[in-house]
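Structure first, commentary second.
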Amino acid sequence: MMAAAVSRVLTIQPLRLGSRAVGMSVQRSSGYSTAADPATSPEKSYQFVVVGAGSGGMAMTNALTRKFGKGKVAVVEPHEDHYYQPMWTLVGGGIKTKEESCRSMSSLMPEGADWYQEQVTTFDPDSNTVTTSKGDVLKYDYLVVAVGLHLNIPAIKGMQEALDNDPMVCCNYSFKYVDKTFEAIRNFKKGNAIFTQPSTPIKCAGAPQKIMYLAHDYFKKNGKLQDANIIFNQGLPKIFGVAKYAAVLTDICRSRGITLNLNTNLVEIRHDKKEAVFQKMDKETPEFVTHQYEMMHATPHMGPPEVLKTSPLAGPAGFMTVNKHTGQHTKYPNVLGLGDCTDIPTSKTAAAVAAQTGIVKKTLQAIMNNHDPSAVSQYDGYTSCPLITGYSTCVLAEFDFDGQPLETFPFDQGKERRSMFHLKKDFMPQLYWNVMVKGRWNGPSMVRKLAHLGFSK
């Protein structure tokens, strides 16, 4: 206990409603306080600390709290709202509202977990601690890191200004800007409708072209298609990373008259001139091309948060280095990672997070029992991308580390189907809110085995 000879002091502690941790309260009192100053406060010890409460972090927080009980799990997450980001394609297409993609963090947090509504400022795996922006030092037996990717909009020159000032420049990757997309599609008159994807890693690599297919369908249904020149400028050398689905998408672009430019990376937006500048990535010397646009959906660069990139947990590219089959850190055995912030070489999607959550739970149990995690859990790279191709069709891409299809259903998922559209639009949001973030969905592997009568991985 530290006596403070001041008339008013701040006591910062996790706030509970019943046994539910819902944030950081600031309590003011007069006289002496029983709380230490945050900068010199003693360490708070937990069996598990989870950093990040997005898809993976929230699932792990719920699963660990359910298994190990009250007071064993701390979660560090600064935001008040939790987003189901895969819905933002549907918001951009005018199918859903962005409010449907959002729920409060407090409504999803499990009873018994302590929520520190703060930023992590330091990872110190050598001392098994993390430090928060309010000075809390949290000591752990086991650490789970699931901090996701941050948008780096300023990395593309002029993009921030264009999003703020040009109603015809939009982006589905941001809750703030996603409303602009359908307005831009509706207000399109004639000219170039450009859709971009950067050459750097992003979450949901299919999203930049999903909204393009919805725009095409909207233009067609509303008599605008004859005046539209739809262009997909892809910074990578392939339209999609898996050969089977790349062939399907290339055929869709060809049949719909969509111009596909590969190795064409957006580097600048000049919204005052309605111009976009692209670098040709397959040239030995820098070569740039400029396109006029009537509307443009621009995908920003993305990367791990700075606090992770500069920590001992990160590799040279800034991503957390983990065993791709177990999620265990390559240097610190009591540290695990999952989701977009790791260097696991698979497409960064919610489906991948679900599968990785199941693996990380098994890995953690093996470590706690002094067993070899690789003998218990082996992630195969499963990920999924429901490639919406119109207002009633979808190609459900599912694949593994090797880019081999790993399809759930006993039919060819490389075809556009109405059933897969409704799976994406109606079923998956319910699965997410009611099962996945509660830590009860580890991907469709069991469904896949049943659907294929056991003749599938």
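Each chain of the structure tokens is named A, B, ... in the order shown, its residues numbered from 1; ligands are numbered from 1 in display order.
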
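The neighbours of Ser392 in chain A here are the residues that come within 9 Å of it, using only C-alpha atoms and leaving out any residue fewer than 5 positions away in the same chain; they are Arg417, Arg418, Ser419, Met420, Phe421 and His422 of chain A.
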
Long-range neighbours of Lys210 in chain A as a PyMOL selection string, 9 Å cut-off, only C-alpha atoms, 6 positions minimum in chain: chain A and resi 89+386-390

Contacts of Ala74 in chain A at 9 Å or less, counting only C-alpha atoms, minus same-chain residues fewer than 3 places along, as a ChimeraX atom specification? /A:46-51,61,71,113-116,138

According to DSSP computed on the backbone, where in range 204-415 of chain A is there alpha helix (DSSP H)? Give the residues as a PyMOL selection string. chain A and resi 207-221+243-255+306-309+350-368

So which residues touch Met58 in chain A within 8 Å, counting only C-alpha atoms, skipping near sequence neighbours fewer than 3 positions away, as a ChimeraX atom specification? /A:52-55,61-62,108-109,437-439

Writer output for current selection, C-alpha atoms, as a PDB file, in the first residue's frame:
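Below is the file that was written, result34.pdb:
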ATOM      1  CA  GLY A  52      -6.398  -8.111 -28.934  1.00  0.00           C
ATOM      2  CA  ALA A  53     -10.116  -8.867 -28.952  1.00  0.00           C
ATOM      3  CA  GLY A  54     -10.874  -9.161 -32.632  1.00  0.00           C
ATOM      4  CA  SER A  55     -12.042 -12.451 -34.084  1.00  0.00           C
ATOM      5  CA  THR A  61     -10.772 -15.110 -24.348  1.00  0.00           C
ATOM      6  CA  ASN A  62     -14.152 -16.817 -24.246  1.00  0.00           C
ATOM      7  CA  LEU A 108     -19.137 -10.248 -26.202  1.00  0.00           C
ATOM      8  CA  MET A 109     -16.708 -10.366 -23.267  1.00  0.00           C
ATOM      9  CA  VAL A 437     -16.460 -15.350 -31.135  1.00  0.00           C
ATOM     10  CA  LYS A 438     -17.628 -17.508 -28.246  1.00  0.00           C
ATOM     11  CA  GLY A 439     -14.716 -19.830 -28.992  1.00  0.00           C
TER      12      GLY A 439
END

Give me, please, the distance in Å between CA of Val145 in chain A and CA of His82 in chain A, quoted to one decimal.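 These two atoms are separated by 16.8 Å.
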
Contacts of Asp141 in chain A at 12 Å or less, counting only C-alpha atoms, minus same-chain residues fewer than 5 places along, as a PDB file with N, CA and C atoms, in the first residue's frame?
ATOM      1  N   LYS A  44       0.386  -7.313 -11.998  1.00  0.00           N
ATOM      2  CA  LYS A  44      -0.855  -8.065 -11.840  1.00  0.00           C
ATOM      3  C   LYS A  44      -0.654  -9.380 -12.570  1.00  0.00           C
ATOM      4  N   SER A  45      -0.842 -10.476 -11.910  1.00  0.00           N
ATOM      5  CA  SER A  45      -0.519 -11.784 -12.472  1.00  0.00           C
ATOM      6  C   SER A  45      -1.762 -12.518 -12.939  1.00  0.00           C
ATOM      7  N   TYR A  46      -1.659 -13.111 -14.112  1.00  0.00           N
ATOM      8  CA  TYR A  46      -2.734 -13.920 -14.678  1.00  0.00           C
ATOM      9  C   TYR A  46      -2.134 -15.196 -15.258  1.00  0.00           C
ATOM     10  N   GLN A  47      -2.958 -16.220 -15.304  1.00  0.00           N
ATOM     11  CA  GLN A  47      -2.501 -17.428 -15.969  1.00  0.00           C
ATOM     12  C   GLN A  47      -2.402 -17.183 -17.481  1.00  0.00           C
ATOM     13  N   PHE A  48      -3.383 -16.426 -18.010  1.00  0.00           N
ATOM     14  CA  PHE A  48      -3.417 -16.146 -19.447  1.00  0.00           C
ATOM     15  C   PHE A  48      -3.630 -14.650 -19.670  1.00  0.00           C
ATOM     16  N   VAL A  49      -2.859 -14.090 -20.575  1.00  0.00           N
ATOM     17  CA  VAL A  49      -3.113 -12.738 -21.060  1.00  0.00           C
ATOM     18  C   VAL A  49      -3.334 -12.827 -22.559  1.00  0.00           C
ATOM     19  N   VAL A  50      -4.445 -12.267 -23.021  1.00  0.00           N
ATOM     20  CA  VAL A  50      -4.777 -12.219 -24.445  1.00  0.00           C
ATOM     21  C   VAL A  50      -4.673 -10.766 -24.892  1.00  0.00           C
ATOM     22  N   LYS A  72      -8.637 -15.746 -14.150  1.00  0.00           N
ATOM     23  CA  LYS A  72      -7.478 -16.408 -14.746  1.00  0.00           C
ATOM     24  C   LYS A  72      -7.040 -15.757 -16.055  1.00  0.00           C
ATOM     25  N   VAL A  73      -7.951 -15.002 -16.669  1.00  0.00           N
ATOM     26  CA  VAL A  73      -7.709 -14.461 -18.009  1.00  0.00           C
ATOM     27  C   VAL A  73      -7.841 -12.946 -17.990  1.00  0.00           C
ATOM     28  N   ALA A  74      -6.832 -12.280 -18.539  1.00  0.00           N
ATOM     29  CA  ALA A  74      -6.922 -10.838 -18.800  1.00  0.00           C
ATOM     30  C   ALA A  74      -6.864 -10.628 -20.300  1.00  0.00           C
ATOM     31  N   PRO A 125       8.671 -10.565 -23.524  1.00  0.00           N
ATOM     32  CA  PRO A 125       8.531 -12.007 -23.338  1.00  0.00           C
ATOM     33  C   PRO A 125       9.638 -12.615 -22.468  1.00  0.00           C
ATOM     34  N   ASP A 126      10.763 -11.905 -22.318  1.00  0.00           N
ATOM     35  CA  ASP A 126      11.825 -12.431 -21.464  1.00  0.00           C
ATOM     36  C   ASP A 126      11.447 -12.375 -19.992  1.00  0.00           C
ATOM     37  N   SER A 127      10.561 -11.432 -19.644  1.00  0.00           N
ATOM     38  CA  SER A 127      10.082 -11.357 -18.262  1.00  0.00           C
ATOM     39  C   SER A 127       8.623 -11.783 -18.129  1.00  0.00           C
ATOM     40  N   ASN A 128       8.042 -12.281 -19.242  1.00  0.00           N
ATOM     41  CA  ASN A 128       6.647 -12.739 -19.255  1.00  0.00           C
ATOM     42  C   ASN A 128       5.676 -11.642 -18.833  1.00  0.00           C
ATOM     43  N   THR A 129       5.867 -10.441 -19.389  1.00  0.00           N
ATOM     44  CA  THR A 129       4.980  -9.331 -19.062  1.00  0.00           C
ATOM     45  C   THR A 129       4.605  -8.542 -20.315  1.00  0.00           C
ATOM     46  N   VAL A 130       3.458  -7.886 -20.233  1.00  0.00           N
ATOM     47  CA  VAL A 130       3.103  -6.832 -21.178  1.00  0.00           C
ATOM     48  C   VAL A 130       2.778  -5.593 -20.370  1.00  0.00           C
ATOM     49  N   TYR A 332       9.781 -18.161 -27.973  1.00  0.00           N
ATOM     50  CA  TYR A 332       9.198 -18.150 -26.628  1.00  0.00           C
ATOM     51  C   TYR A 332       8.082 -19.186 -26.564  1.00  0.00           C
ATOM     52  N   PRO A 333       8.301 -20.328 -25.913  1.00  0.00           N
ATOM     53  CA  PRO A 333       7.344 -21.444 -25.993  1.00  0.00           C
ATOM     54  C   PRO A 333       6.012 -21.189 -25.300  1.00  0.00           C
ATOM     55  N   ASN A 334       5.946 -20.223 -24.379  1.00  0.00           N
ATOM     56  CA  ASN A 334       4.685 -19.930 -23.704  1.00  0.00           C
ATOM     57  C   ASN A 334       3.927 -18.783 -24.362  1.00  0.00           C
ATOM     58  N   VAL A 335       4.347 -18.406 -25.572  1.00  0.00           N
ATOM     59  CA  VAL A 335       3.688 -17.339 -26.326  1.00  0.00           C
ATOM     60  C   VAL A 335       3.106 -17.944 -27.601  1.00  0.00           C
ATOM     61  N   LEU A 336       1.837 -17.633 -27.852  1.00  0.00           N
ATOM     62  CA  LEU A 336       1.154 -18.152 -29.040  1.00  0.00           C
ATOM     63  C   LEU A 336       0.532 -17.005 -29.821  1.00  0.00           C
ATOM     64  N   LEU A 364      -1.872 -25.015 -26.749  1.00  0.00           N
ATOM     65  CA  LEU A 364      -1.774 -24.528 -25.381  1.00  0.00           C
ATOM     66  C   LEU A 364      -1.950 -25.657 -24.367  1.00  0.00           C
ATOM     67  N   ILE A 367       1.242 -27.731 -24.315  1.00  0.00           N
ATOM     68  CA  ILE A 367       2.327 -27.059 -23.587  1.00  0.00           C
ATOM     69  C   ILE A 367       2.112 -27.161 -22.076  1.00  0.00           C
ATOM     70  N   MET A 368       0.890 -26.948 -21.641  1.00  0.00           N
ATOM     71  CA  MET A 368       0.587 -26.999 -20.207  1.00  0.00           C
ATOM     72  C   MET A 368       0.787 -28.400 -19.635  1.00  0.00           C
TER      73      MET A 368
END

Name all residues at most 12 Å from Lys309 in chain A (count only C-alpha atoms; drop same-chain ones fewer than 2 positions away) and give them as number ranges by chain. A: 121-123, 147-150, 303-307, 311-321, 341-343

Quick one: write out the picked residues with C-alpha atoms as a PDB file, in the first residue's frame?
ATOM      1  CA  THR A 121       2.841  -0.425 -25.246  1.00  0.00           C
ATOM      2  CA  THR A 122       5.473  -3.099 -24.578  1.00  0.00           C
ATOM      3  CA  PHE A 123       5.845  -6.834 -25.066  1.00  0.00           C
ATOM      4  CA  VAL A 147      -3.665  -7.958 -32.668  1.00  0.00           C
ATOM      5  CA  GLY A 148      -4.623  -8.166 -36.345  1.00  0.00           C
ATOM      6  CA  LEU A 149      -3.524  -5.774 -39.065  1.00  0.00           C
ATOM      7  CA  HIS A 150      -3.690  -1.986 -39.061  1.00  0.00           C
ATOM      8  CA  GLY A 303       0.586  -4.259 -41.594  1.00  0.00           C
ATOM      9  CA  PRO A 304       1.039  -5.341 -37.988  1.00  0.00           C
ATOM     10  CA  PRO A 305       0.743  -2.687 -35.257  1.00  0.00           C
ATOM     11  CA  GLU A 306       3.964  -0.830 -34.508  1.00  0.00           C
ATOM     12  CA  VAL A 307       4.151  -2.219 -30.966  1.00  0.00           C
ATOM     13  CA  SER A 311       8.978  -6.206 -30.247  1.00  0.00           C
ATOM     14  CA  PRO A 312      11.065  -9.363 -29.742  1.00  0.00           C
ATOM     15  CA  LEU A 313       8.065 -11.350 -30.995  1.00  0.00           C
ATOM     16  CA  ALA A 314       8.335 -10.072 -34.573  1.00  0.00           C
ATOM     17  CA  GLY A 315      10.394 -11.235 -37.509  1.00  0.00           C
ATOM     18  CA  PRO A 316      12.089  -9.059 -40.156  1.00  0.00           C
ATOM     19  CA  ALA A 317       8.810  -8.243 -41.916  1.00  0.00           C
ATOM     20  CA  GLY A 318       7.148  -7.165 -38.672  1.00  0.00           C
ATOM     21  CA  PHE A 319       4.808 -10.132 -38.368  1.00  0.00           C
ATOM     22  CA  MET A 320       4.852 -12.338 -35.284  1.00  0.00           C
ATOM     23  CA  THR A 321       6.976 -15.425 -35.971  1.00  0.00           C
ATOM     24  CA  CYS A 341      -0.641 -10.464 -37.214  1.00  0.00           C
ATOM     25  CA  THR A 342       1.320 -13.711 -37.582  1.00  0.00           C
ATOM     26  CA  ASP A 343       3.597 -14.883 -40.379  1.00  0.00           C
TER      27      ASP A 343
END

Per DSSP on the backbone, filter range 167-323 of chain A down to the residues in strand (DSSP E or B) and report them as a PyMOL selection string. chain A and resi 169-170+191-197+203+228-234+259-261+264-270+275-280+288-292+295-297+301-303+314+320+322

Restricting the calculation to only C-alpha atoms: of A:Gln279, A:Asn222, A:Met212, A:Ile153, which residue gets closest to Ser174 in chain A? A:Ile153

Using only C-alpha atoms, determine which residues lie at most 9 Å from Pro78 in chain A, disregarding the query and same-chain residues fewer than 2 positions distant; provide the list as a ChimeraX atom specification. /A:23,52-53,76,80,116-120

In Å, how far is it from CA of Asn323 in chain A to CA of Gly339 in chain A?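 Taking CA of Asn323 in chain A as the start and CA of Gly339 in chain A as the end point, the length is 12.7 Å.
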